[in-house]
>>> print(open('entry-v3.cif').read())   # mmCIF, C-alpha atoms
data_query
loop_
_atom_site.label_atom_id
_atom_site.label_comp_id
_atom_site.auth_asym_id
_atom_site.auth_seq_id
_atom_site.Cartn_x
_atom_site.Cartn_y
_atom_site.Cartn_z
CA LYS K 1 -31.46 34.60 28.25
CA ASN K 2 -29.29 31.47 28.37
CA MET K 3 -28.90 30.65 32.08
CA ASN K 4 -26.30 27.99 31.35
CA GLY K 5 -23.73 30.39 30.01
CA PRO K 6 -22.77 31.25 26.40
CA GLU K 7 -23.62 28.71 23.73
CA LYS K 8 -20.71 26.91 22.15
CA THR K 9 -20.27 27.27 18.42
CA LYS K 10 -20.51 23.88 16.77
CA THR K 11 -17.35 23.09 14.81
CA LYS K 12 -17.96 22.01 11.25
CA PRO K 13 -16.43 18.68 10.31
CA ILE K 14 -13.36 18.72 8.07
CA LYS K 15 -14.33 17.66 4.54
CA VAL K 16 -11.93 14.92 3.41
CA CYS K 17 -11.72 13.19 0.03
CA PHE K 18 -9.90 9.91 -0.56
CA LEU K 19 -8.97 9.82 -4.24
CA PHE K 20 -8.47 6.36 -5.78
CA GLU K 21 -7.54 5.05 -9.20
CA GLY K 22 -7.53 1.64 -10.86
CA PHE K 23 -10.16 -0.83 -9.69
CA SER K 24 -13.29 0.64 -8.11
CA ARG K 25 -12.92 1.19 -4.35
CA THR K 26 -16.66 1.86 -4.26
CA GLU K 27 -17.35 -1.72 -5.36
CA LEU K 28 -14.54 -3.03 -3.17
CA PHE K 29 -16.05 -1.30 -0.15
CA LYS K 30 -19.30 -3.20 -0.65
CA LYS K 31 -17.33 -6.46 -0.57
CA TYR K 32 -15.49 -5.28 2.53
CA GLN K 33 -18.80 -4.66 4.29
CA HIS K 34 -19.78 -8.27 3.54
CA GLY K 35 -16.49 -9.58 4.93
CA GLU K 36 -15.22 -10.71 1.51
CA VAL K 37 -12.07 -8.56 1.35
CA PRO K 38 -9.68 -6.90 3.85
CA ASP K 39 -9.60 -3.14 4.29
CA SER K 40 -5.88 -2.87 3.50
CA LEU K 41 -6.38 -0.96 0.23
CA PHE K 42 -8.46 1.86 1.72
CA PHE K 43 -5.49 3.50 3.52
CA GLY K 44 -7.63 4.20 6.59
CA TYR K 45 -10.73 5.51 4.77
CA ASN K 46 -13.12 3.02 6.40
CA HIS K 47 -11.86 3.78 9.92
CA LEU K 48 -11.97 7.56 9.48
CA LEU K 49 -15.62 7.33 8.41
CA HIS K 50 -16.38 6.90 12.12
CA ASP K 51 -14.56 10.08 13.20
CA SER K 52 -17.26 12.67 13.93
CA SER K 53 -14.82 15.54 13.36
CA LEU K 54 -14.40 14.48 9.72
CA ARG K 55 -16.78 14.16 6.79
CA VAL K 56 -15.11 11.56 4.61
CA MET K 57 -15.90 10.65 1.01
CA LEU K 58 -14.17 8.74 -1.77
CA ILE K 59 -13.88 9.43 -5.49
CA ASP K 60 -12.98 6.71 -7.98
CA LEU K 61 -10.94 8.01 -10.93
CA ASN K 62 -11.43 4.75 -12.83
CA LYS K 63 -14.93 5.73 -13.96
CA ARG K 64 -14.10 6.83 -17.49
CA PRO K 65 -16.78 8.31 -19.77
CA SER K 66 -18.28 5.61 -21.95
CA PHE K 67 -18.92 7.92 -24.91
CA GLY K 68 -17.79 11.23 -26.29
CA GLY K 69 -14.11 10.35 -26.54
CA PHE K 70 -11.58 13.10 -25.96
CA VAL K 71 -14.10 15.85 -25.16
CA ALA K 72 -15.99 13.78 -22.60
CA HIS K 73 -12.77 12.59 -20.97
CA ASN K 74 -11.41 16.10 -20.55
CA LYS K 75 -14.76 17.41 -19.32
CA ARG K 76 -14.69 14.74 -16.60
CA PHE K 77 -11.11 15.70 -15.73
CA PHE K 78 -12.05 19.33 -15.15
CA ASP K 79 -15.29 18.37 -13.37
CA ILE K 80 -13.27 16.29 -10.88
CA THR K 81 -10.68 19.06 -10.51
CA LYS K 82 -13.48 21.47 -9.65
CA GLU K 83 -15.13 18.96 -7.30
CA LEU K 84 -11.89 18.46 -5.39
CA SER K 85 -11.73 22.20 -4.67
CA ASN K 86 -14.84 21.78 -2.47
CA PHE K 87 -12.93 19.62 0.01
CA ASP K 88 -10.70 20.77 2.83
CA VAL K 89 -8.27 17.86 2.45
CA VAL K 90 -7.53 15.44 -0.40
CA ILE K 91 -5.66 12.18 0.30
CA SER K 92 -4.33 10.12 -2.59
CA SER K 93 -1.52 8.00 -3.96
CA VAL K 94 -2.54 9.10 -7.47
CA GLY K 95 -4.16 12.16 -9.01
CA LEU K 96 -1.13 14.44 -9.34
CA PRO K 97 -2.45 15.86 -12.65
CA TYR K 98 -5.46 17.17 -10.69
CA PHE K 99 -3.17 18.76 -8.12
CA ILE K 100 -1.01 20.36 -10.82
CA THR K 101 -4.12 21.74 -12.54
CA GLN K 102 -5.26 23.28 -9.26
CA LEU K 103 -1.91 25.05 -9.02
CA VAL K 104 -2.47 26.90 -12.31
CA VAL K 105 -6.24 27.52 -12.45
CA PRO K 106 -8.14 29.99 -10.23
CA LEU K 107 -9.76 27.41 -7.94
CA ARG K 108 -9.72 27.02 -4.18
CA ARG K 109 -6.95 24.53 -3.44
CA PRO K 110 -7.49 22.04 -0.63
CA ILE K 111 -4.74 20.59 1.53
CA TRP K 112 -3.14 17.67 -0.32
CA ILE K 113 -1.73 14.61 1.45
CA PHE K 114 0.09 12.21 -0.85
CA LEU K 115 0.74 8.56 -0.06
CA ASN K 116 4.04 7.58 -1.67
CA ILE K 117 3.71 4.15 -3.28
CA ASN K 118 6.27 4.26 -6.09
CA LEU K 119 7.78 7.75 -6.39
CA SER K 120 11.32 6.48 -5.86
CA ASN K 121 11.10 4.07 -8.78
CA VAL K 122 9.32 6.61 -10.99
CA LEU K 123 12.02 9.24 -10.36
CA LYS K 124 14.88 6.76 -10.79
CA LYS K 125 13.54 5.47 -14.12
CA ARG K 126 13.19 8.93 -15.67
CA HIS K 127 16.23 10.60 -17.18
CA PHE K 128 17.74 13.30 -14.96
CA LEU K 129 16.95 15.98 -17.56
CA SER K 130 13.46 14.65 -18.36
CA LEU K 131 10.83 17.42 -18.40
CA LYS K 132 8.25 15.08 -16.85
CA ARG K 133 10.66 14.30 -14.02
CA TRP K 134 11.16 17.97 -13.17
CA VAL K 135 7.44 18.77 -13.44
CA LEU K 136 6.81 15.91 -11.01
CA ILE K 137 9.48 17.18 -8.60
CA LEU K 138 8.14 20.76 -8.73
CA ALA K 139 4.63 19.46 -8.02
CA LEU K 140 5.82 17.33 -5.11
CA ARG K 141 7.50 20.38 -3.58
CA ARG K 142 4.06 22.02 -3.40
CA ILE K 143 2.27 19.06 -1.81
CA ASP K 144 1.32 19.85 1.79
CA HIS K 145 2.47 16.50 3.15
CA ILE K 146 3.84 13.23 1.75
CA PHE K 147 3.56 10.00 3.68
CA CYS K 148 6.37 7.58 2.81
CA LEU K 149 6.12 3.87 3.58
CA SER K 150 9.84 3.64 4.34
CA SER K 151 12.68 5.90 5.43
CA ARG K 152 14.50 5.14 2.17
CA GLN K 153 11.63 6.74 0.21
CA MET K 154 11.74 9.75 2.49
CA ASN K 155 15.50 10.20 2.11
CA GLU K 156 15.27 9.97 -1.68
CA LEU K 157 12.59 12.67 -1.81
CA MET K 158 14.73 14.93 0.39
CA GLU K 159 17.55 14.43 -2.13
CA VAL K 160 15.40 16.06 -4.86
CA GLY K 161 14.53 19.05 -2.70
CA ILE K 162 11.37 18.05 -0.81
CA ARG K 163 11.43 19.70 2.63
CA GLN K 164 11.80 17.29 5.52
CA SER K 165 8.98 19.06 7.36
CA ASN K 166 6.62 18.01 4.56
CA LEU K 167 7.60 14.33 4.84
CA SER K 168 7.09 11.55 7.35
CA VAL K 169 7.22 7.76 7.47
CA LEU K 170 3.81 6.11 7.73
CA HIS K 171 4.08 2.41 8.51
CA PHE K 172 1.80 0.53 6.15
CA GLY K 173 -0.90 -1.55 7.80
CA VAL K 174 -3.06 -4.51 6.80
CA ASP K 175 -6.44 -5.67 8.05
CA TYR K 176 -5.31 -7.67 11.08
CA ASP K 177 -8.84 -8.72 12.05
CA PHE K 178 -9.63 -10.12 8.59
CA PHE K 179 -6.62 -12.43 8.70
CA ALA K 180 -5.93 -13.15 12.37
CA HIS K 181 -9.54 -13.98 13.31
CA ALA K 182 -10.11 -16.34 10.38
CA GLY K 183 -9.73 -19.51 12.46
CA GLY K 184 -7.07 -22.13 12.99
CA HIS K 185 -4.37 -23.28 10.64
CA ALA K 186 -5.18 -26.25 8.44
CA ALA K 187 -2.19 -28.58 8.32
CA SER K 188 -0.86 -28.98 4.81
CA ASP K 189 2.29 -29.66 2.81
CA TYR K 190 2.82 -26.71 0.47
CA LEU K 191 4.74 -23.47 0.27
CA LEU K 192 2.77 -20.41 -0.87
CA ALA K 193 3.84 -17.39 -2.94
CA VAL K 194 1.39 -14.50 -3.25
CA GLY K 195 1.56 -11.22 -5.16
CA ARG K 196 0.69 -9.38 -8.35
CA ASP K 197 3.09 -6.45 -8.08
CA VAL K 198 5.35 -6.34 -11.15
CA GLY K 199 8.29 -6.18 -8.75
CA ARG K 200 7.90 -9.90 -7.94
CA ASP K 201 10.59 -12.32 -9.17
CA TYR K 202 8.85 -15.60 -9.91
CA GLY K 203 11.68 -16.67 -12.19
CA THR K 204 14.05 -16.98 -9.22
CA LEU K 205 11.36 -18.72 -7.19
CA ILE K 206 10.79 -21.34 -9.88
CA GLU K 207 14.53 -21.99 -10.18
CA ALA K 208 14.63 -22.56 -6.42
CA ALA K 209 11.62 -24.86 -6.65
CA ARG K 210 13.63 -27.18 -8.90
CA LEU K 211 16.03 -27.71 -5.99
CA ILE K 212 13.48 -28.66 -3.31
CA PRO K 213 11.07 -31.59 -2.86
CA TYR K 214 8.13 -29.51 -1.65
CA LYS K 215 5.02 -28.38 -3.48
CA VAL K 216 4.90 -24.65 -4.34
CA ILE K 217 1.65 -22.81 -5.10
CA ILE K 218 1.82 -19.32 -6.67
CA ILE K 219 -1.18 -16.97 -6.47
CA THR K 220 -0.70 -14.10 -8.91
CA SER K 221 -2.01 -12.60 -12.17
CA LYS K 222 -1.21 -13.75 -15.69
CA ARG K 223 0.98 -10.71 -16.45
CA ASN K 224 3.42 -11.82 -13.73
CA MET K 225 4.02 -15.16 -15.43
CA VAL K 226 4.70 -13.88 -18.94
CA GLY K 227 7.98 -15.38 -20.12
CA VAL K 228 8.09 -17.95 -17.32
CA GLU K 229 8.42 -21.34 -19.00
CA ASN K 230 9.18 -25.00 -18.21
CA MET K 231 7.79 -24.95 -14.70
CA PRO K 232 8.75 -28.00 -12.65
CA ALA K 233 6.08 -30.52 -11.64
CA ASN K 234 6.02 -29.32 -8.03
CA VAL K 235 4.87 -25.79 -8.99
CA SER K 236 1.26 -24.81 -9.70
CA VAL K 237 -0.29 -21.38 -10.34
CA LEU K 238 -3.66 -19.92 -9.32
CA TYR K 239 -4.65 -16.73 -11.09
CA ASP K 240 -6.48 -13.84 -9.37
CA ALA K 241 -7.90 -15.88 -6.49
CA PRO K 242 -10.43 -14.05 -4.24
CA HIS K 243 -9.18 -12.73 -0.90
CA THR K 244 -11.06 -15.32 1.14
CA GLU K 245 -9.33 -18.08 -0.84
CA VAL K 246 -5.93 -16.41 -0.42
CA ARG K 247 -6.57 -16.24 3.32
CA ARG K 248 -7.41 -19.95 3.41
CA MET K 249 -4.25 -20.76 1.48
CA TYR K 250 -2.15 -18.66 3.86
CA GLN K 251 -3.54 -20.70 6.75
CA GLY K 252 -2.32 -24.00 5.35
CA ALA K 253 1.11 -22.93 4.14
CA LEU K 254 4.32 -24.28 5.64
CA ALA K 255 5.79 -20.86 4.80
CA VAL K 256 4.93 -17.86 2.63
CA LEU K 257 7.48 -16.88 -0.03
CA VAL K 258 7.74 -13.21 -1.06
CA ILE K 259 10.44 -13.18 -3.73
CA SER K 260 11.05 -9.80 -5.35
CA GLN K 261 13.36 -8.03 -7.74
CA PRO K 262 16.23 -6.10 -6.07
CA ASP K 263 15.68 -2.46 -5.17
CA ASP K 264 17.98 -1.29 -7.95
CA ALA K 265 15.75 -2.89 -10.60
CA PHE K 266 13.31 0.04 -10.10
CA VAL K 267 10.22 -2.01 -10.99
CA GLY K 268 6.87 -2.21 -9.26
CA SER K 269 6.12 -0.40 -6.03
CA ASP K 270 8.98 0.98 -3.95
CA CYS K 271 8.09 -1.40 -1.12
CA SER K 272 7.23 -4.47 -3.16
CA GLY K 273 6.08 -7.40 -1.04
CA GLN K 274 5.06 -5.27 1.92
CA MET K 275 1.38 -6.18 1.97
CA THR K 276 1.93 -9.91 1.48
CA VAL K 277 4.57 -10.11 4.22
CA LEU K 278 2.25 -8.35 6.70
CA GLU K 279 -0.78 -10.46 5.72
CA ALA K 280 1.15 -13.70 6.20
CA LEU K 281 2.46 -12.55 9.57
CA ALA K 282 -1.06 -11.55 10.66
CA LEU K 283 -1.90 -15.25 10.31
CA GLY K 284 1.27 -16.28 12.11
CA ARG K 285 2.85 -17.94 9.07
CA PRO K 286 6.64 -18.03 8.61
CA VAL K 287 7.82 -15.67 5.85
CA ILE K 288 10.83 -16.01 3.56
CA ALA K 289 11.36 -12.78 1.64
CA THR K 290 13.90 -11.09 -0.59
CA ARG K 291 15.90 -8.41 1.20
CA LYS K 292 14.34 -4.98 0.52
CA ALA K 293 15.28 -1.58 1.92
CA TRP K 294 11.82 -1.00 3.42
CA MET K 295 12.17 -3.96 5.78
CA SER K 296 14.58 -2.18 8.13
CA ASP K 297 11.70 0.12 9.17
CA TYR K 298 9.49 -2.85 10.05
CA PHE K 299 11.43 -5.97 11.04
CA SER K 300 14.65 -7.49 12.16
CA GLU K 301 15.96 -10.85 10.97
CA GLU K 302 14.43 -12.32 14.13
CA ASP K 303 10.95 -11.71 12.72
CA ILE K 304 11.18 -12.95 9.13
CA PHE K 305 13.65 -14.99 7.07
CA ILE K 306 15.49 -12.76 4.58
CA VAL K 307 17.35 -13.97 1.48
CA PRO K 308 19.47 -12.09 -1.10
CA PRO K 309 17.85 -11.20 -4.44
CA ARG K 310 18.15 -13.43 -7.52
CA ASP K 311 19.78 -16.27 -5.60
CA PRO K 312 17.76 -19.48 -6.09
CA VAL K 313 20.32 -21.67 -4.29
CA MET K 314 20.24 -19.60 -1.10
CA LEU K 315 16.45 -19.46 -1.33
CA ALA K 316 16.22 -23.24 -1.63
CA LEU K 317 18.52 -23.70 1.38
CA LYS K 318 16.41 -21.33 3.46
CA ILE K 319 13.19 -23.10 2.44
CA ASN K 320 14.65 -26.46 3.46
CA TRP K 321 15.71 -25.07 6.84
CA VAL K 322 12.30 -23.51 7.56
CA VAL K 323 10.39 -26.68 6.66
CA GLU K 324 12.72 -28.85 8.72
CA ASN K 325 12.62 -26.47 11.72
CA GLN K 326 8.93 -25.62 12.01
CA PHE K 327 9.06 -24.96 15.76
CA GLU K 328 11.69 -22.23 15.41
CA ALA K 329 10.03 -20.89 12.27
CA SER K 330 6.69 -20.62 14.05
CA ARG K 331 8.31 -18.87 17.00
CA MET K 332 9.71 -16.24 14.64
CA ALA K 333 6.36 -15.88 12.88
CA ASN K 334 4.57 -15.27 16.17
CA ARG K 335 6.96 -12.40 16.92
CA GLY K 336 6.08 -10.94 13.53
CA LYS K 337 2.37 -11.48 14.21
CA LYS K 338 2.63 -9.41 17.37
CA LEU K 339 4.14 -6.54 15.39
CA VAL K 340 1.22 -6.55 12.95
CA GLU K 341 -1.29 -6.77 15.78
CA THR K 342 0.17 -3.79 17.65
CA MET K 343 1.67 -1.58 14.93
CA PHE K 344 1.37 -2.56 11.27
CA ASN K 345 -2.41 -2.61 10.92
CA THR K 346 -4.97 -0.34 9.30
CA LYS K 347 -6.38 0.90 12.61
CA SER K 348 -2.98 2.21 13.70
CA MET K 349 -2.34 3.61 10.22
CA SER K 350 -5.68 5.46 10.14
CA LYS K 351 -5.02 7.12 13.51
CA ILE K 352 -1.80 8.64 12.17
CA VAL K 353 -3.53 9.78 8.97
CA GLY K 354 -6.39 11.29 11.00
CA ARG K 355 -4.00 13.23 13.23
CA LYS K 356 -2.14 14.62 10.23
CA ILE K 357 -5.41 15.72 8.58
CA LYS K 358 -6.40 17.68 11.68
CA GLU K 359 -2.92 19.11 12.22
CA LEU K 360 -2.62 20.44 8.65
CA PHE K 361 -6.19 21.76 8.61
CA HIS K 362 -5.88 23.62 11.92
CA ASN K 363 -2.47 25.01 10.97
CA LYS K 364 -3.96 26.37 7.75
CA THR K 365 -7.13 27.82 9.29
CA ASN K 366 -5.30 29.39 12.24
CA VAL K 367 -2.81 31.31 10.04
#
>>> encode(input="entry-v3.cif", output="structure tokens")
Amino acid sequence: KNMNGPEKTKTKPIKVCFLFEGFSRTELFKKYQHGEVPDSLFFGYNHLLHDSSLRVMLIDLNKRPSFGGFVAHNKRFFDITKELSNFDVVISSVGLPYFITQLVVPLRRPIWIFLNINLSNVLKKRHFLSLKRWVLILALRRIDHIFCLSSRQMNELMEVGIRQSNLSVLHFGVDYDFFAHAGGHAASDYLLAVGRDVGRDYGTLIEAARLIPYKVIIITSKRNMVGVENMPANVSVLYDAPHTEVRRMYQGALAVLVISQPDDAFVGSDCSGQMTVLEALALGRPVIATRKAWMSDYFSEEDIFIVPPRDPVMLALKINWVVENQFEASRMANRGKKLVETMFNTKSMSKIVGRKIKELFHNKTNV
């Protein structure tokens, strides 16, 4: 007989899968563990690994079969679809074909949480009567919850019939510790532009660079510079620099330039420039950025310097002011740094994701 009262039933951990596509997050995680990269692209995965109420795994969709062609590819697709049915919750910014397949085949369907990176631009670019557009909308209406990185994204999904109760704004976060604890700022004489999102506007930046006497360094990928010609002598480009080098370059910059296409260009991610702005602020660097709708959910014009899109003259004037008024610029940057430290970081982001996982799971199991 148990003299201490009835034994408590041990609760099984919630089985959670983070589904990734593109470059291997498995390999990236190894680099993260060695301090070579920030955790910003794991969307909270690494923090939730330490939650004893969850059993968290990741699946990389980029591992394509190396032989067998069409048959092998489709076998892998259905193997992954079946594997996902073994989880309680799937979190992803990709993988909608797997979700749609689970809607039509007789498999156990887990709870799906979708992280909205570019749905607004995808829906805007497709013709109103496009079959793919309506299949996408119908699928999104069946998703259990969609995290949007801005209120604009959320409003646009509501406009196509997604229930407000299935939507919420999740403030994106970067790895504050990776950037903020990197050491002091090395004094230098250059302006820095960082970003590989196709929503960047390096053409406008280069036109502005012709109007200023300062050195400009761009860190990007080669695809972003296609068609950009006749660069002035004060502009140089570094391609695909490692994160530790990007961090070092942030530290020495007079200001970080995040120049993007306007929202109505519908290119790149919906919140283009978000990660770079937050990384720069984590290091306390002044930021000059193109006005984007997502910014109203994160900053005021007392935290970063905002310029209109496709306006090289206004950009050049703002650069000159920031360089000539470093004390005021640094004061603004420190306000932005505090926001990243307290709100817009991966630890804060993961706590919100973790709460939503548990809320949806318990709501489903208690029905």
>>> resolve_selection(input="entry-v3.cif", expression="the PyMOL selection byres ((chain K and resi 320) around 12)", output="ChimeraX atom specification")
/K:191,208-209,211-214,254-255,288,313-319,321-326,329
>>> closest_atom_pairs(input="entry-v3.cif", of="range 206-276 of chain K", to="range 118-127 of chain K", cutoff="10 Å", atoms="all atoms listed in the file", output="CSV")
residue,atom,partner,partner_atom,distance
K:Asp263,CA,K:Asn121,CA,8.8
K:Asp264,CA,K:Asn121,CA,8.8
K:Ala265,CA,K:Asn121,CA,8.6
K:Phe266,CA,K:Asn121,CA,4.8
K:Val267,CA,K:Asn121,CA,6.5
K:Gly268,CA,K:Asn118,CA,7.2
K:Ser269,CA,K:Asn118,CA,4.7
K:Asp270,CA,K:Asn118,CA,4.8
K:Cys271,CA,K:Asn118,CA,7.7
K:Ser272,CA,K:Asn118,CA,9.3
>>> write_last_selection(input="entry-v3.cif", atoms="C-alpha atoms", output="compact mmCIF listing (two decimals), keeping the file's coordinate frame")
# COMPACT_ATOMS: atom_id res chain seq x y z
CA ASP K 263 15.68 -2.46 -5.17
CA ASP K 264 17.98 -1.29 -7.95
CA ALA K 265 15.75 -2.89 -10.60
CA PHE K 266 13.31 0.04 -10.10
CA VAL K 267 10.22 -2.01 -10.99
CA GLY K 268 6.87 -2.21 -9.26
CA SER K 269 6.12 -0.40 -6.03
CA ASP K 270 8.98 0.98 -3.95
CA CYS K 271 8.09 -1.40 -1.12
CA SER K 272 7.23 -4.47 -3.16
>>> resolve_selection(input="entry-v3.cif", expression="the PyMOL selection byres ((chain K and resi 239-253) around 7)", output="ChimeraX atom specification")
/K:36-37,179,185-192,219-222,237-238,254-256,280,283
>>> atom_distance(input="entry-v3.cif", atom1="CA of Asn86 in chain K", atom2="CA of Leu136 in chain K")
24.0 Å
>>> residues_near_point(input="entry-v3.cif", point="(-9.5, -7.6, 11.6)", cutoff="10 Å", atoms="only C-alpha atoms", output="list of chain:residue names")
K:Gly35, K:Pro38, K:Asp39, K:Val174, K:Asp175, K:Tyr176, K:Asp177, K:Phe178, K:Phe179, K:Ala180, K:His181, K:Ala182, K:Ala282, K:Glu341, K:Asn345, K:Thr346, K:Lys347
>>> axis_aligned_box(input="entry-v3.cif", around="range 168-171 of chain K", padding_each_side="4 Å", output="AutoDock Vina command-line options")
--center_x 5.5 --center_y 7.0 --center_z 7.9 --size_x 11.4 --size_y 17.1 --size_z 9.2
>>> closest_residue(input="entry-v3.cif", among="K:Ile113, K:Val160, K:Ala289, K:Leu107", to="Asp201 in chain K", atoms="all atoms listed in the file")
K:Ala289
>>> residues_around(input="entry-v3.cif", residues="range 55-62 of chain K", least_positions_apart="6", cutoff="8 Å", atoms="only C-alpha atoms", output="list in words")
Pro13, Ile14, Lys15, Val16, Cys17, Phe18, Leu19, Phe20, Glu21, Gly22, Phe23, Ser24, Arg25, Thr26, Tyr45, Leu48 and Leu49 of chain K
>>> atom_distance(input="entry-v3.cif", atom1="CA of Val90 in chain K", atom2="CA of Trp112 in chain K")
4.9 Å
>>> decode(input="entry-v3.cif", residues="range 287-294 of chain K", atoms="all heavy atoms", output="tab-separated table (two decimals), in the first residue's frame")
chain	number	residue	atom	x	y	z
K	287	VAL	N	20.94	52.51	-37.12
K	287	VAL	CA	20.36	51.87	-38.30
K	287	VAL	C	19.62	52.90	-39.13
K	287	VAL	O	18.82	53.69	-38.61
K	287	VAL	CB	19.40	50.73	-37.90
K	287	VAL	CG1	18.67	50.18	-39.13
K	287	VAL	CG2	20.14	49.61	-37.18
K	288	ILE	N	19.89	52.88	-40.43
K	288	ILE	CA	19.11	53.66	-41.41
K	288	ILE	C	18.41	52.64	-42.30
K	288	ILE	O	19.07	51.82	-42.95
K	288	ILE	CB	20.01	54.58	-42.25
K	288	ILE	CG1	20.80	55.53	-41.35
K	288	ILE	CG2	19.18	55.35	-43.27
K	288	ILE	CD1	21.84	56.36	-42.09
K	289	ALA	N	17.10	52.67	-42.33
K	289	ALA	CA	16.35	51.63	-43.05
K	289	ALA	C	15.21	52.23	-43.86
K	289	ALA	O	14.63	53.26	-43.49
K	289	ALA	CB	15.81	50.60	-42.07
K	290	THR	N	14.89	51.56	-44.94
K	290	THR	CA	13.72	51.92	-45.75
K	290	THR	C	12.44	51.68	-44.95
K	290	THR	O	12.31	50.66	-44.25
K	290	THR	CB	13.67	51.08	-47.03
K	290	THR	OG1	14.90	51.23	-47.74
K	290	THR	CG2	12.52	51.49	-47.92
K	291	ARG	N	11.51	52.62	-45.06
K	291	ARG	CA	10.23	52.46	-44.35
K	291	ARG	C	9.51	51.20	-44.84
K	291	ARG	O	9.30	51.00	-46.03
K	291	ARG	CB	9.34	53.67	-44.61
K	291	ARG	CG	8.03	53.65	-43.81
K	291	ARG	CD	7.18	54.87	-44.10
K	291	ARG	NE	7.89	56.09	-43.76
K	291	ARG	CZ	8.00	56.59	-42.53
K	291	ARG	NH1	7.46	55.93	-41.51
K	291	ARG	NH2	8.65	57.71	-42.32
K	292	LYS	N	9.14	50.33	-43.89
K	292	LYS	CA	8.39	49.11	-44.18
K	292	LYS	C	7.24	49.01	-43.18
K	292	LYS	O	7.34	49.44	-42.03
K	292	LYS	CB	9.29	47.88	-44.04
K	292	LYS	CG	10.52	47.88	-44.95
K	292	LYS	CD	10.17	47.60	-46.40
K	292	LYS	CE	9.86	46.15	-46.62
K	292	LYS	NZ	9.58	45.87	-48.07
K	293	ALA	N	6.15	48.37	-43.61
K	293	ALA	CA	4.96	48.30	-42.77
K	293	ALA	C	5.22	47.58	-41.45
K	293	ALA	O	4.65	47.93	-40.42
K	293	ALA	CB	3.83	47.62	-43.53
K	294	TRP	N	6.10	46.57	-41.46
K	294	TRP	CA	6.34	45.79	-40.25
K	294	TRP	C	6.94	46.61	-39.12
K	294	TRP	O	6.79	46.27	-37.94
K	294	TRP	CB	7.25	44.59	-40.54
K	294	TRP	CG	8.68	44.91	-40.94
K	294	TRP	CD1	9.18	45.00	-42.20
K	294	TRP	CD2	9.78	45.15	-40.05
K	294	TRP	NE1	10.52	45.29	-42.16
K	294	TRP	CE2	10.93	45.38	-40.86
K	294	TRP	CE3	9.92	45.19	-38.67
K	294	TRP	CZ2	12.18	45.66	-40.32
K	294	TRP	CZ3	11.18	45.46	-38.12
K	294	TRP	CH2	12.29	45.68	-38.94
